[in-house]
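A short worksheet on the structure shown next.
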Amino acid sequence: MKRPLSSCLAITAGALSLLCMVSANAYAQQEKTAEAPIKGGYGGKAPAKPLPPGGPAPRTADGHPDFSGIWFSGLLGGEDATLVGSFGGGDPAARSFDPKVTPEEKPSFTPWATEKMKEIMFNLDPNVLRTYGIVYTGATSQGEQNFDKLPKDQKKAFLDVEIARVARECMPYGVPAIGGGLHGMQLVQTPGQLVELVDANHDYRVIPTDRRPHTAEPDPTFNGEERGHWEGDTLVVDTIAIDERVWNSANWRFHSEQEHVIERYTRPSLNYLTYQVTIEDPKVLTKPWVSAPHRFSLSITHEPLGEWYCGVEPNEALDNLKQLRQELGP
């Protein structure tokens with residue numbers, strides 16, 4: 001029985017779109033502002049109202065903004081809001097940023113990195129995809145219904161790209177993806193450190209915020225060696241020594257040992273958190289890449305983070321993709 005590509009991807013689309021947080025293309029299809037009303041929100045419902053600011057941000061005893069709480073991407077304060085955005089419901093309040101107001105530039109790759117990108121993406125040609133109405137942004141790609149129209153070599157490349165996802169091997173997302181909260185994050189702030197917990201495999205990181213320096217030769221890890229310090233009301237997290245298996249996004253799947261990630265957290269009001277990433281990597285980039293400011297909203301319930309564990313359930317989506325790929329031959 002012939003299986004449409006979308007059915008193969010739908011099972012894992014929510015989990016596999018997580019790495020698109022810092023992708024320059026992940027929000028290319030978002031065309032309306034978060035404030036402007038649109039016709040028919042998710043499931044034909046009226047667009048949801050964003051949370052109000054809620055008053056000033058709370059502060060800790062030492063005077064810094066307190067980031068403690070459970071946070072979700074977008075302006076609605078809930079996990080369902082994240083899913084609306086992931087599956088293209090079009091509700092502007094579900095977006096973490098408005099590309100018209102705060103657009104993200106594409107990474108400026110060096111010639112070496114450009115060739116490396118082609119290799120890692122199995123020569124998936126974005127120009128050919130566009131011809132058939134496919135905008136590749138990971139497992140939630142637009143235009144998947146035109147997959148069967150692609151030339152055979154591009155069909156194989158598309159499937160190879162999907163099958164090679166690190167998430168399918170249950171690998172930690174690492175920095176910077178974990179800093180974007182995935183489908184929800186809990187921050188616990190104590191004197192001298194910030195703890196981040198996420199639902200995916202119950203991953204976590206502990207960030208010292210006491211201005212301690214980096215060690216001389218840190219061993220690479222998925223979350224790298226993280227050091228935090230305050231610049232006014234902004235917490236700046238400086239990370240080096242990131243394992244080279246970590247992806248920066250679904251479309252930016254590599255970095256070098258020289259990568260340096262700077263994350264900035266601010267809490268402008270009670271109900272909102274802003275997160276922005278800068279990536280420096282002289283071997284890969286001709287200039288630093290800076291994300292748009294991404295907005296997170298405080299959970300409107302008292303429910304704990306959900307749990308999601310990779311590999312617990314049979315991966316029917318991956319099995320279907322592999323079977324489709326086998327049918328296309330070597």
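Chain lettering (A, B, ...) mirrors the order of the structure tokens, residue numbering begins at 1 for each chain separately, and ligand numbering begins at 1 in order of display.
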
Quick one: DSSP strand (DSSP E) residues in region 60-235 of chain A, as number ranges by chain? A: 69-73, 185-190, 193-198, 204-208, 225-231, 234-235

Val175 (chain A) surroundings by only C-alpha atoms, 8 Å radius, close-in-sequence under 5 positions cut, as a list in words: Phe222, Asn223, Gly224, Ile242, Val246, Asn248 and Val261 of chain A

The selected residues should be written to file as a tab-separated table (two decimals), in the first residue's frame (atoms: N, CA and C atoms).
```tsv
chain	number	residue	atom	x	y	z
A	222	PHE	N	27.34	17.66	25.35
A	222	PHE	CA	26.19	18.09	24.56
A	222	PHE	C	25.75	19.51	24.92
A	223	ASN	N	25.76	19.84	26.19
A	223	ASN	CA	25.38	21.19	26.61
A	223	ASN	C	26.57	22.12	26.72
A	224	GLY	N	27.77	21.60	26.49
A	224	GLY	CA	28.96	22.43	26.53
A	224	GLY	C	29.29	22.91	27.94
A	242	ILE	N	31.15	22.51	22.82
A	242	ILE	CA	29.90	21.80	22.50
A	242	ILE	C	30.22	20.61	21.61
A	246	VAL	N	26.10	17.76	18.04
A	246	VAL	CA	24.92	18.60	18.27
A	246	VAL	C	24.61	19.42	17.03
A	248	ASN	N	22.67	22.72	15.27
A	248	ASN	CA	22.14	24.04	15.61
A	248	ASN	C	20.67	24.15	15.22
A	261	VAL	N	28.55	29.89	21.67
A	261	VAL	CA	27.13	30.24	21.71
A	261	VAL	C	26.87	31.19	22.88
```

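The spacing separating CA of Pro172 (chain A) from CA of Glu244 (chain A) amounts to 12.1 Å.
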
Per residue of region 110-206 of chain A within 10 Å of region 65-70 of chain A, note the shortest atom pair and the distance in Å to one decimal, counting only C-alpha atoms, and order the rows by chain and increasing residue number, as a Markdown table.
```
| residue | atom | partner | partner_atom | distance |
| --- | --- | --- | --- | --- |
| A:Gly181 | CA | A:Ile70 | CA | 9.7 |
| A:Gly184 | CA | A:Ile70 | CA | 7.1 |
| A:Met185 | CA | A:Ile70 | CA | 5.7 |
| A:Gln186 | CA | A:Ile70 | CA | 4.2 |
| A:Leu187 | CA | A:Ser68 | CA | 4.7 |
| A:Val188 | CA | A:Ser68 | CA | 4.6 |
| A:Gln189 | CA | A:Ser68 | CA | 5.5 |
| A:Thr190 | CA | A:Ser68 | CA | 8.8 |
| A:Leu194 | CA | A:Phe67 | CA | 8.5 |
| A:Val195 | CA | A:Ser68 | CA | 9.0 |
| A:Glu196 | CA | A:Ser68 | CA | 9.3 |
| A:Leu197 | CA | A:Ile70 | CA | 9.1 |
| A:Val198 | CA | A:Ile70 | CA | 9.5 |
```

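For the choices A:Pro220, A:Pro176, A:Leu124, A:Phe97, the atom-to-atom distance to Lys152 (chain A) is smallest for A:Leu124 when using only C-alpha atoms.
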
Extract, using only C-alpha atoms, all DNA, RNA and protein residues at most 10 Å from Met171 (chain A), discarding same-chain residues fewer than 4 positions from it, and format them as an MDAnalysis selection string. chainID A and resid 165:167 201 222 245:246 310

Contacts of region 55-61 of chain A at 8 Å or less, counting only C-alpha atoms, minus same-chain residues fewer than 4 places along, as JSON, numbers by chain? {"A": [65, 66, 267, 268, 269, 270, 271]}

Mind listing the alpha helix (DSSP H) residues of region 43-134 of chain A, per DSSP on the backbone, as a PyMOL selection string? chain A and resi 79-86+111-120+126-131

Would you export the selected residues with N, CA and C atoms as a PDB file, in the first residue's frame, please?
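Result saved to out09.pdb:
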```pdb
ATOM      1  N   GLU A  79       1.079  24.363  26.397  1.00  0.00           N
ATOM      2  CA  GLU A  79       1.655  23.416  25.457  1.00  0.00           C
ATOM      3  C   GLU A  79       0.841  23.336  24.180  1.00  0.00           C
ATOM      4  N   ASP A  80      -0.477  23.416  24.283  1.00  0.00           N
ATOM      5  CA  ASP A  80      -1.306  23.339  23.089  1.00  0.00           C
ATOM      6  C   ASP A  80      -0.988  24.476  22.132  1.00  0.00           C
ATOM      7  N   ALA A  81      -0.580  25.612  22.681  1.00  0.00           N
ATOM      8  CA  ALA A  81      -0.195  26.733  21.828  1.00  0.00           C
ATOM      9  C   ALA A  81       1.030  26.390  21.001  1.00  0.00           C
ATOM     10  N   THR A  82       1.980  25.676  21.605  1.00  0.00           N
ATOM     11  CA  THR A  82       3.175  25.259  20.876  1.00  0.00           C
ATOM     12  C   THR A  82       2.794  24.325  19.741  1.00  0.00           C
ATOM     13  N   LEU A  83       1.875  23.407  19.988  1.00  0.00           N
ATOM     14  CA  LEU A  83       1.462  22.470  18.960  1.00  0.00           C
ATOM     15  C   LEU A  83       0.737  23.172  17.836  1.00  0.00           C
ATOM     16  N   VAL A  84      -0.043  24.192  18.141  1.00  0.00           N
ATOM     17  CA  VAL A  84      -0.699  24.963  17.095  1.00  0.00           C
ATOM     18  C   VAL A  84       0.343  25.521  16.146  1.00  0.00           C
ATOM     19  N   GLY A  85       1.380  26.130  16.696  1.00  0.00           N
ATOM     20  CA  GLY A  85       2.418  26.707  15.858  1.00  0.00           C
ATOM     21  C   GLY A  85       3.149  25.648  15.055  1.00  0.00           C
ATOM     22  N   SER A  86       3.451  24.501  15.683  1.00  0.00           N
ATOM     23  CA  SER A  86       4.220  23.468  15.009  1.00  0.00           C
ATOM     24  C   SER A  86       3.474  22.912  13.811  1.00  0.00           C
ATOM     25  N   PRO A 111      32.829  29.175   2.457  1.00  0.00           N
ATOM     26  CA  PRO A 111      32.813  28.197   1.349  1.00  0.00           C
ATOM     27  C   PRO A 111      32.936  26.758   1.840  1.00  0.00           C
ATOM     28  N   TRP A 112      33.790  26.519   2.836  1.00  0.00           N
ATOM     29  CA  TRP A 112      33.931  25.168   3.374  1.00  0.00           C
ATOM     30  C   TRP A 112      32.603  24.685   3.945  1.00  0.00           C
ATOM     31  N   ALA A 113      31.930  25.551   4.690  1.00  0.00           N
ATOM     32  CA  ALA A 113      30.671  25.165   5.320  1.00  0.00           C
ATOM     33  C   ALA A 113      29.570  24.948   4.289  1.00  0.00           C
ATOM     34  N   THR A 114      29.585  25.722   3.216  1.00  0.00           N
ATOM     35  CA  THR A 114      28.584  25.556   2.165  1.00  0.00           C
ATOM     36  C   THR A 114      28.681  24.164   1.549  1.00  0.00           C
ATOM     37  N   GLU A 115      29.896  23.710   1.286  1.00  0.00           N
ATOM     38  CA  GLU A 115      30.075  22.368   0.745  1.00  0.00           C
ATOM     39  C   GLU A 115      29.721  21.304   1.782  1.00  0.00           C
ATOM     40  N   LYS A 116      30.064  21.557   3.026  1.00  0.00           N
ATOM     41  CA  LYS A 116      29.723  20.627   4.105  1.00  0.00           C
ATOM     42  C   LYS A 116      28.211  20.503   4.239  1.00  0.00           C
ATOM     43  N   MET A 117      27.508  21.630   4.083  1.00  0.00           N
ATOM     44  CA  MET A 117      26.058  21.621   4.175  1.00  0.00           C
ATOM     45  C   MET A 117      25.451  20.738   3.088  1.00  0.00           C
ATOM     46  N   LYS A 118      25.949  20.856   1.863  1.00  0.00           N
ATOM     47  CA  LYS A 118      25.426  20.024   0.783  1.00  0.00           C
ATOM     48  C   LYS A 118      25.616  18.547   1.090  1.00  0.00           C
ATOM     49  N   GLU A 119      26.781  18.216   1.639  1.00  0.00           N
ATOM     50  CA  GLU A 119      27.075  16.823   1.977  1.00  0.00           C
ATOM     51  C   GLU A 119      26.137  16.305   3.058  1.00  0.00           C
ATOM     52  N   ILE A 120      25.968  17.091   4.112  1.00  0.00           N
ATOM     53  CA  ILE A 120      25.135  16.654   5.237  1.00  0.00           C
ATOM     54  C   ILE A 120      23.662  16.590   4.851  1.00  0.00           C
ATOM     55  N   PRO A 126      17.384  22.930  -2.621  1.00  0.00           N
ATOM     56  CA  PRO A 126      16.245  23.789  -2.262  1.00  0.00           C
ATOM     57  C   PRO A 126      15.574  24.413  -3.477  1.00  0.00           C
ATOM     58  N   ASN A 127      16.319  24.623  -4.560  1.00  0.00           N
ATOM     59  CA  ASN A 127      15.723  25.199  -5.764  1.00  0.00           C
ATOM     60  C   ASN A 127      14.733  24.231  -6.399  1.00  0.00           C
ATOM     61  N   VAL A 128      15.095  22.936  -6.400  1.00  0.00           N
ATOM     62  CA  VAL A 128      14.174  21.931  -6.937  1.00  0.00           C
ATOM     63  C   VAL A 128      12.944  21.819  -6.046  1.00  0.00           C
ATOM     64  N   LEU A 129      13.157  21.836  -4.734  1.00  0.00           N
ATOM     65  CA  LEU A 129      12.019  21.748  -3.814  1.00  0.00           C
ATOM     66  C   LEU A 129      11.047  22.890  -4.050  1.00  0.00           C
ATOM     67  N   ARG A 130      11.588  24.097  -4.201  1.00  0.00           N
ATOM     68  CA  ARG A 130      10.714  25.259  -4.416  1.00  0.00           C
ATOM     69  C   ARG A 130       9.904  25.113  -5.698  1.00  0.00           C
ATOM     70  N   THR A 131      10.492  24.499  -6.714  1.00  0.00           N
ATOM     71  CA  THR A 131       9.777  24.290  -7.969  1.00  0.00           C
ATOM     72  C   THR A 131       8.507  23.480  -7.755  1.00  0.00           C
TER      73      THR A 131
END
```

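Proximity of A:Ala48, A:Leu150, A:Val135, A:Ile262 to Ile279 (chain A), computed with only C-alpha atoms, is greatest for A:Ile262.
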